[in-house]
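Asker: Submitted below is the structure of interest, expressed as structure tokens.
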Amino acid sequence: MSESEAGRITIDTSRPHPARVYDWWLGGKDNYPVDEELARKILAADGTAVRGARANRRFMHRAVRTAAEAGIRQFLDIGTGIPTEPNLHQVAQGAAPESRVVYADNDPIVLRHAEALLKGSAEGSTDYVHADVRDPDTILRLAGESLDFGRPVALSLVALTHYLGDEDDVYGLIERYVARLAPGSHLILSQVTQDLSPEGVARAAELFRRSGTPFYPRTLTEFARFFDGLELLGPGVIPVYGWRPDPEDVAAQAEGVVPVYAGVARKP
Ligand SMILES: C[S@@+](CC[C@H](N)C(=O)[O-])C[C@H]1O[C@@H](n2cnc3c(N)ncnc32)[C@H](O)[C@@H]1O
């Protein structure tokens, strides 16, 4: 981010933003009263929101570790969110310091805090792109200044696709990103589902929509479709707690259901 770009950031505090609502659920401080109000309303309507956000974030850590263990050293994370430690680059570079990471998000508040995402290892690199996931040409072009798309990349869109619908051609969009990836690349996804908490998620989705944020929970079949043509890593598409859980995830599962599906697949 250049200084002039940083100077032009305008934060709209008159309506809630998904990144800031999620930040409130994660216990962060980078949110405003409008965000807290919606976050509390959704939590009251769907008691799973806080543990869901935490479980989702931990899935990102496990999936990135898995990609690093598979030898991947390049990461493109779209829909990054407000920095929350450990951030993706800390997990990736913790496993392999030479890892190169590009973050992308379209929310000005994430841009404002991007500096925290840019303090990576000396051996690797971290970059930030302020762009909309619906503009793959821009994201792939700018990411290509740092990543070599001739070699495997882990592409993560974690807790992002539930903000995208048919009008965004969400399946076509993911296909366009995946088409650009080299064999051996990984696709890391999670998203909210109505399958596991139908009433709570319907209420939460309605609250998001009424606040101006379109929201699209998906069934297991709809979620699995994102991975068409790819090789799913075990255990496949599954409720987020169950994806290669660490002992702390097994313990957290006792707190109750989390209506989020997760999956990781490899491009053959
Ligand atoms: C729920 S947060 C998830 C953050 C992080 N991926 C995680 O799982 O911890 C969703 C993020 O997606 C971003 N986002 C939503 N719509 C987007 C879009 N059209 N383009 C880029 N980012 C978007 C939001 O700004 C927010 O930071």
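Naming works like this for the structure tokens: A, B, ... for the chains as they're shown, residue 1 at the start of each chain, ligands 1 onward in shown order.
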Using only C-alpha atoms and all ligand atoms, find each residue with an atom at most 7 Å away from ligand 1 and format the answer as a compact mmCIF listing (two decimals) with C-alpha atoms, in the first residue's frame.

Answerer:
```
# COMPACT_ATOMS: atom_id res chain seq x y z
CA PRO A 18 -18.65 -8.21 7.35
CA ALA A 19 -14.93 -7.94 8.15
CA TYR A 22 -16.36 -11.01 12.17
CA ASN A 56 -13.34 -21.23 11.05
CA ARG A 57 -10.16 -19.33 11.85
CA MET A 60 -7.51 -21.80 8.14
CA ILE A 78 -8.65 -13.70 -0.83
CA GLY A 79 -11.09 -12.27 1.73
CA THR A 80 -8.31 -12.00 4.29
CA GLY A 81 -10.15 -10.15 7.04
CA ILE A 82 -8.81 -7.80 9.67
CA ALA A 104 -6.47 -9.62 -1.04
CA ASP A 105 -9.60 -8.01 0.40
CA ASN A 106 -11.96 -5.27 -0.76
CA ASP A 107 -12.75 -3.71 2.60
CA VAL A 110 -8.54 -4.39 6.05
CA ALA A 131 -9.33 -5.59 -4.71
CA ASP A 132 -12.63 -7.38 -5.08
CA VAL A 133 -12.66 -11.16 -5.51
CA ARG A 134 -15.06 -10.58 -8.42
CA LEU A 157 -11.12 -18.17 0.20
CA VAL A 158 -11.99 -18.87 3.80
CA ALA A 159 -15.44 -17.74 4.93
CA LEU A 160 -15.83 -15.69 1.76
CA TYR A 163 -21.04 -13.33 0.49
```

Asker: Identify, on the basis of only C-alpha atoms, every residue whose closest approach to A:Ser211 does not exceed 9 Å; exclude the query and any residue fewer than 5 positions from it along the same chain; express the result as a list in words.

Answerer: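 Returned residues: Arg15, Pro16, His17, Leu38 and Glu206 of chain A.
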
Asker: Which residue gives the smallest distance to A:Arg8 among A:Leu111, A:Ala202, A:Ala44, A:Val21, with only C-alpha atoms counted?

Answerer: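 The shortest atom-to-atom distance to A:Arg8 comes from A:Leu111.
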
Asker: Do you know which residues are at most 10 Å from stretch 92-101 of chain A counting only C-alpha atoms, after dropping those on the same chain fewer than 5 positions away, and could you put them as an NGL selection string?

Answerer: :A and (61 or 63-69 or 71-77 or 86-87 or 117-118 or 120-128 or 143 or 146-148 or 153-154)

Asker: Which residues are close to A:Lys41, i.e. within 10 Å by only C-alpha atoms, leaving aside same-chain residues fewer than 3 positions away? Reply as JSON, numbers by chain.

Answerer: {"A": [35, 36, 37, 38, 44, 45, 46, 47, 203, 204, 207, 208]}

Asker: Can I get the selected residues back with N, CA and C atoms, as a PDB file, in the first residue's frame?

Answerer:
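Final output, saved to part-v2.pdb:
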```pdb
ATOM      1  N   ASP A  35     -21.136  -2.230  13.845  1.00  0.00           N
ATOM      2  CA  ASP A  35     -20.713  -3.624  13.641  1.00  0.00           C
ATOM      3  C   ASP A  35     -21.051  -4.459  14.873  1.00  0.00           C
ATOM      4  N   GLU A  36     -20.744  -3.876  16.036  1.00  0.00           N
ATOM      5  CA  GLU A  36     -21.029  -4.592  17.284  1.00  0.00           C
ATOM      6  C   GLU A  36     -22.532  -4.862  17.403  1.00  0.00           C
ATOM      7  N   GLU A  37     -23.321  -3.857  17.003  1.00  0.00           N
ATOM      8  CA  GLU A  37     -24.778  -4.022  17.104  1.00  0.00           C
ATOM      9  C   GLU A  37     -25.251  -5.204  16.250  1.00  0.00           C
ATOM     10  N   LEU A  38     -24.767  -5.269  14.994  1.00  0.00           N
ATOM     11  CA  LEU A  38     -25.188  -6.380  14.131  1.00  0.00           C
ATOM     12  C   LEU A  38     -24.607  -7.705  14.648  1.00  0.00           C
ATOM     13  N   ALA A  44     -27.459 -13.279  18.943  1.00  0.00           N
ATOM     14  CA  ALA A  44     -28.706 -13.577  19.659  1.00  0.00           C
ATOM     15  C   ALA A  44     -29.620 -14.458  18.795  1.00  0.00           C
ATOM     16  N   ALA A  45     -29.565 -14.249  17.475  1.00  0.00           N
ATOM     17  CA  ALA A  45     -30.439 -14.999  16.565  1.00  0.00           C
ATOM     18  C   ALA A  45     -29.883 -16.380  16.254  1.00  0.00           C
ATOM     19  N   ASP A  46     -28.552 -16.487  16.345  1.00  0.00           N
ATOM     20  CA  ASP A  46     -27.864 -17.733  15.976  1.00  0.00           C
ATOM     21  C   ASP A  46     -26.675 -17.872  16.927  1.00  0.00           C
ATOM     22  N   GLY A  47     -26.891 -18.601  18.002  1.00  0.00           N
ATOM     23  CA  GLY A  47     -25.897 -18.681  19.079  1.00  0.00           C
ATOM     24  C   GLY A  47     -24.556 -19.261  18.660  1.00  0.00           C
ATOM     25  N   ARG A 203     -32.039 -16.937  10.199  1.00  0.00           N
ATOM     26  CA  ARG A 203     -32.198 -15.640  10.896  1.00  0.00           C
ATOM     27  C   ARG A 203     -30.947 -14.773  10.691  1.00  0.00           C
ATOM     28  N   ALA A 204     -29.785 -15.390  10.808  1.00  0.00           N
ATOM     29  CA  ALA A 204     -28.526 -14.635  10.631  1.00  0.00           C
ATOM     30  C   ALA A 204     -28.436 -14.086   9.214  1.00  0.00           C
ATOM     31  N   LEU A 207     -30.594 -11.097   8.799  1.00  0.00           N
ATOM     32  CA  LEU A 207     -30.024  -9.904   9.447  1.00  0.00           C
ATOM     33  C   LEU A 207     -28.903  -9.315   8.597  1.00  0.00           C
ATOM     34  N   PHE A 208     -28.054 -10.184   8.039  1.00  0.00           N
ATOM     35  CA  PHE A 208     -26.992  -9.687   7.153  1.00  0.00           C
ATOM     36  C   PHE A 208     -27.612  -8.955   5.967  1.00  0.00           C
TER      37      PHE A 208
END
```

Asker: Identify which of the residues A:Arg176, A:Gly150, A:Arg62, A:Leu220 lies closest to A:Val264, counting only C-alpha atoms when measuring atom-to-atom distances.

Answerer: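 That would be A:Arg62, the residue with the smallest distance to A:Val264.
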
Asker: Tell me which protein, DNA and RNA residues are within 9 Å of A:Ala55, counting only C-alpha atoms, leaving out same-chain ones fewer than 4 positions away, and put them as a ChimeraX atom specification.

Answerer: /A:50-51,59-60,240-241,249,252-253,258,260

Asker: Store the residues picked out above, limited to C-alpha atoms, as a CSV table (one decimal), in the first residue's frame.

Answerer:
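Below is the file that was written, result00.csv:
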```
chain,number,residue,atom,x,y,z
A,50,VAL,CA,-18.7,-16.7,18.0
A,51,ARG,CA,-17.6,-20.3,18.2
A,59,PHE,CA,-9.5,-24.4,10.1
A,60,MET,CA,-7.5,-21.8,8.1
A,240,VAL,CA,-15.4,-27.4,10.0
A,241,TYR,CA,-14.5,-29.0,13.3
A,249,ASP,CA,-10.7,-28.5,18.0
A,252,ALA,CA,-14.1,-27.0,21.2
A,253,GLN,CA,-16.6,-29.3,19.4
A,258,VAL,CA,-20.9,-24.9,14.1
A,260,VAL,CA,-19.7,-24.1,8.6
```

Asker: Any idea what the distance is between atom CA of A:Asp166 and atom CA of A:Ala179?

Answerer: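 Distance reported for this atom pair: 19.4 Å.
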
Asker: Give me every strand (DSSP E) residue in stretch 101-213 of chain A, going by DSSP on the backbone, as number ranges by chain.

Answerer: A: 101-105, 125-130, 154-158, 186-192

Asker: Go ahead and save the residues from that selection, with N, CA and C atoms, as a PDB file, in the first residue's frame.

Answerer:
```pdb
ATOM      1  N   VAL A 101       3.461 -14.889   0.371  1.00  0.00           N
ATOM      2  CA  VAL A 101       2.022 -14.783   0.650  1.00  0.00           C
ATOM      3  C   VAL A 101       1.488 -13.492   0.035  1.00  0.00           C
ATOM      4  N   VAL A 102       0.369 -13.592  -0.666  1.00  0.00           N
ATOM      5  CA  VAL A 102      -0.343 -12.397  -1.140  1.00  0.00           C
ATOM      6  C   VAL A 102      -1.745 -12.428  -0.549  1.00  0.00           C
ATOM      7  N   TYR A 103      -2.098 -11.338   0.096  1.00  0.00           N
ATOM      8  CA  TYR A 103      -3.432 -11.181   0.663  1.00  0.00           C
ATOM      9  C   TYR A 103      -4.260 -10.283  -0.249  1.00  0.00           C
ATOM     10  N   ALA A 104      -5.586 -10.512  -0.282  1.00  0.00           N
ATOM     11  CA  ALA A 104      -6.475  -9.620  -1.036  1.00  0.00           C
ATOM     12  C   ALA A 104      -7.805  -9.483  -0.302  1.00  0.00           C
ATOM     13  N   ASP A 105      -8.291  -8.268  -0.209  1.00  0.00           N
ATOM     14  CA  ASP A 105      -9.600  -8.011   0.402  1.00  0.00           C
ATOM     15  C   ASP A 105     -10.105  -6.701  -0.205  1.00  0.00           C
ATOM     16  N   SER A 125       8.043 -13.524   1.597  1.00  0.00           N
ATOM     17  CA  SER A 125       7.489 -12.207   1.278  1.00  0.00           C
ATOM     18  C   SER A 125       6.005 -12.195   1.619  1.00  0.00           C
ATOM     19  N   THR A 126       5.489 -10.995   1.905  1.00  0.00           N
ATOM     20  CA  THR A 126       4.049 -10.819   2.073  1.00  0.00           C
ATOM     21  C   THR A 126       3.654  -9.552   1.326  1.00  0.00           C
ATOM     22  N   ASP A 127       2.529  -9.624   0.625  1.00  0.00           N
ATOM     23  CA  ASP A 127       2.014  -8.474  -0.112  1.00  0.00           C
ATOM     24  C   ASP A 127       0.527  -8.377   0.105  1.00  0.00           C
ATOM     25  N   TYR A 128       0.003  -7.178  -0.149  1.00  0.00           N
ATOM     26  CA  TYR A 128      -1.426  -6.968   0.036  1.00  0.00           C
ATOM     27  C   TYR A 128      -2.008  -6.306  -1.201  1.00  0.00           C
ATOM     28  N   VAL A 129      -3.132  -6.834  -1.667  1.00  0.00           N
ATOM     29  CA  VAL A 129      -3.830  -6.278  -2.833  1.00  0.00           C
ATOM     30  C   VAL A 129      -5.213  -5.825  -2.372  1.00  0.00           C
ATOM     31  N   HIS A 130      -5.517  -4.551  -2.601  1.00  0.00           N
ATOM     32  CA  HIS A 130      -6.861  -4.047  -2.263  1.00  0.00           C
ATOM     33  C   HIS A 130      -7.733  -4.233  -3.503  1.00  0.00           C
ATOM     34  N   ALA A 154      -1.285 -22.236  -2.928  1.00  0.00           N
ATOM     35  CA  ALA A 154      -2.482 -22.541  -2.137  1.00  0.00           C
ATOM     36  C   ALA A 154      -3.383 -21.315  -2.217  1.00  0.00           C
ATOM     37  N   LEU A 155      -4.553 -21.503  -2.811  1.00  0.00           N
ATOM     38  CA  LEU A 155      -5.524 -20.410  -2.954  1.00  0.00           C
ATOM     39  C   LEU A 155      -6.572 -20.585  -1.868  1.00  0.00           C
ATOM     40  N   SER A 156      -6.677 -19.618  -0.977  1.00  0.00           N
ATOM     41  CA  SER A 156      -7.683 -19.746   0.091  1.00  0.00           C
ATOM     42  C   SER A 156      -8.736 -18.661  -0.026  1.00  0.00           C
ATOM     43  N   LEU A 157      -9.977 -19.084   0.073  1.00  0.00           N
ATOM     44  CA  LEU A 157     -11.123 -18.169   0.199  1.00  0.00           C
ATOM     45  C   LEU A 157     -11.886 -18.712   1.393  1.00  0.00           C
ATOM     46  N   VAL A 158     -11.467 -18.288   2.554  1.00  0.00           N
ATOM     47  CA  VAL A 158     -11.986 -18.872   3.796  1.00  0.00           C
ATOM     48  C   VAL A 158     -13.082 -17.958   4.332  1.00  0.00           C
ATOM     49  N   HIS A 186      -3.403 -26.040  -4.240  1.00  0.00           N
ATOM     50  CA  HIS A 186      -4.495 -26.416  -3.336  1.00  0.00           C
ATOM     51  C   HIS A 186      -5.569 -25.323  -3.338  1.00  0.00           C
ATOM     52  N   LEU A 187      -6.828 -25.731  -3.223  1.00  0.00           N
ATOM     53  CA  LEU A 187      -7.943 -24.808  -3.027  1.00  0.00           C
ATOM     54  C   LEU A 187      -8.489 -25.040  -1.615  1.00  0.00           C
ATOM     55  N   ILE A 188      -8.490 -23.976  -0.822  1.00  0.00           N
ATOM     56  CA  ILE A 188      -8.915 -24.055   0.583  1.00  0.00           C
ATOM     57  C   ILE A 188     -10.182 -23.213   0.734  1.00  0.00           C
ATOM     58  N   LEU A 189     -11.282 -23.847   1.140  1.00  0.00           N
ATOM     59  CA  LEU A 189     -12.560 -23.122   1.241  1.00  0.00           C
ATOM     60  C   LEU A 189     -13.297 -23.469   2.525  1.00  0.00           C
ATOM     61  N   SER A 190     -14.023 -22.482   3.049  1.00  0.00           N
ATOM     62  CA  SER A 190     -15.028 -22.770   4.083  1.00  0.00           C
ATOM     63  C   SER A 190     -16.172 -21.810   3.854  1.00  0.00           C
ATOM     64  N   GLN A 191     -17.347 -22.222   4.297  1.00  0.00           N
ATOM     65  CA  GLN A 191     -18.490 -21.307   4.170  1.00  0.00           C
ATOM     66  C   GLN A 191     -19.655 -21.760   5.038  1.00  0.00           C
ATOM     67  N   VAL A 192     -20.535 -20.818   5.358  1.00  0.00           N
ATOM     68  CA  VAL A 192     -21.686 -21.100   6.221  1.00  0.00           C
ATOM     69  C   VAL A 192     -22.706 -21.959   5.470  1.00  0.00           C
TER      70      VAL A 192
END
```

Asker: Write out as a list of chain:residue names each polymer residue whose atoms come within 10 Å of A:Asp228, counting only C-alpha atoms; drop sequence neighbours fewer than 3 positions from it.

Answerer: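 Using only C-alpha atoms, the neighbours found are A:Tyr171, A:Glu175, A:Phe223, A:Ala224, A:Arg225, A:Glu231, A:Leu232, A:Ala265.
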
Asker: Could the residues in this selection be saved with N, CA and C atoms as a PDB file, in the first residue's frame?

Answerer:
```
ATOM      1  N   TYR A 171     -19.533 -19.867  -8.958  1.00  0.00           N
ATOM      2  CA  TYR A 171     -18.825 -21.096  -9.365  1.00  0.00           C
ATOM      3  C   TYR A 171     -17.859 -20.791 -10.519  1.00  0.00           C
ATOM      4  N   GLU A 175     -13.723 -21.129 -10.638  1.00  0.00           N
ATOM      5  CA  GLU A 175     -13.097 -21.854 -11.764  1.00  0.00           C
ATOM      6  C   GLU A 175     -12.031 -21.001 -12.449  1.00  0.00           C
ATOM      7  N   PHE A 223     -21.835 -26.724  -1.699  1.00  0.00           N
ATOM      8  CA  PHE A 223     -20.467 -26.402  -1.292  1.00  0.00           C
ATOM      9  C   PHE A 223     -19.467 -27.316  -2.009  1.00  0.00           C
ATOM     10  N   ALA A 224     -19.807 -28.604  -2.065  1.00  0.00           N
ATOM     11  CA  ALA A 224     -18.886 -29.579  -2.691  1.00  0.00           C
ATOM     12  C   ALA A 224     -18.639 -29.231  -4.164  1.00  0.00           C
ATOM     13  N   ARG A 225     -19.620 -28.602  -4.796  1.00  0.00           N
ATOM     14  CA  ARG A 225     -19.492 -28.260  -6.233  1.00  0.00           C
ATOM     15  C   ARG A 225     -18.302 -27.330  -6.506  1.00  0.00           C
ATOM     16  N   GLU A 231      -9.022 -32.901  -6.653  1.00  0.00           N
ATOM     17  CA  GLU A 231      -8.929 -34.094  -5.784  1.00  0.00           C
ATOM     18  C   GLU A 231      -9.051 -33.646  -4.338  1.00  0.00           C
ATOM     19  N   LEU A 232     -10.158 -34.006  -3.705  1.00  0.00           N
ATOM     20  CA  LEU A 232     -10.346 -33.598  -2.305  1.00  0.00           C
ATOM     21  C   LEU A 232      -9.350 -34.304  -1.398  1.00  0.00           C
ATOM     22  N   ALA A 265      -8.757 -29.109  -1.507  1.00  0.00           N
ATOM     23  CA  ALA A 265      -8.559 -30.021  -2.643  1.00  0.00           C
ATOM     24  C   ALA A 265      -7.289 -29.639  -3.390  1.00  0.00           C
TER      25      ALA A 265
END
```
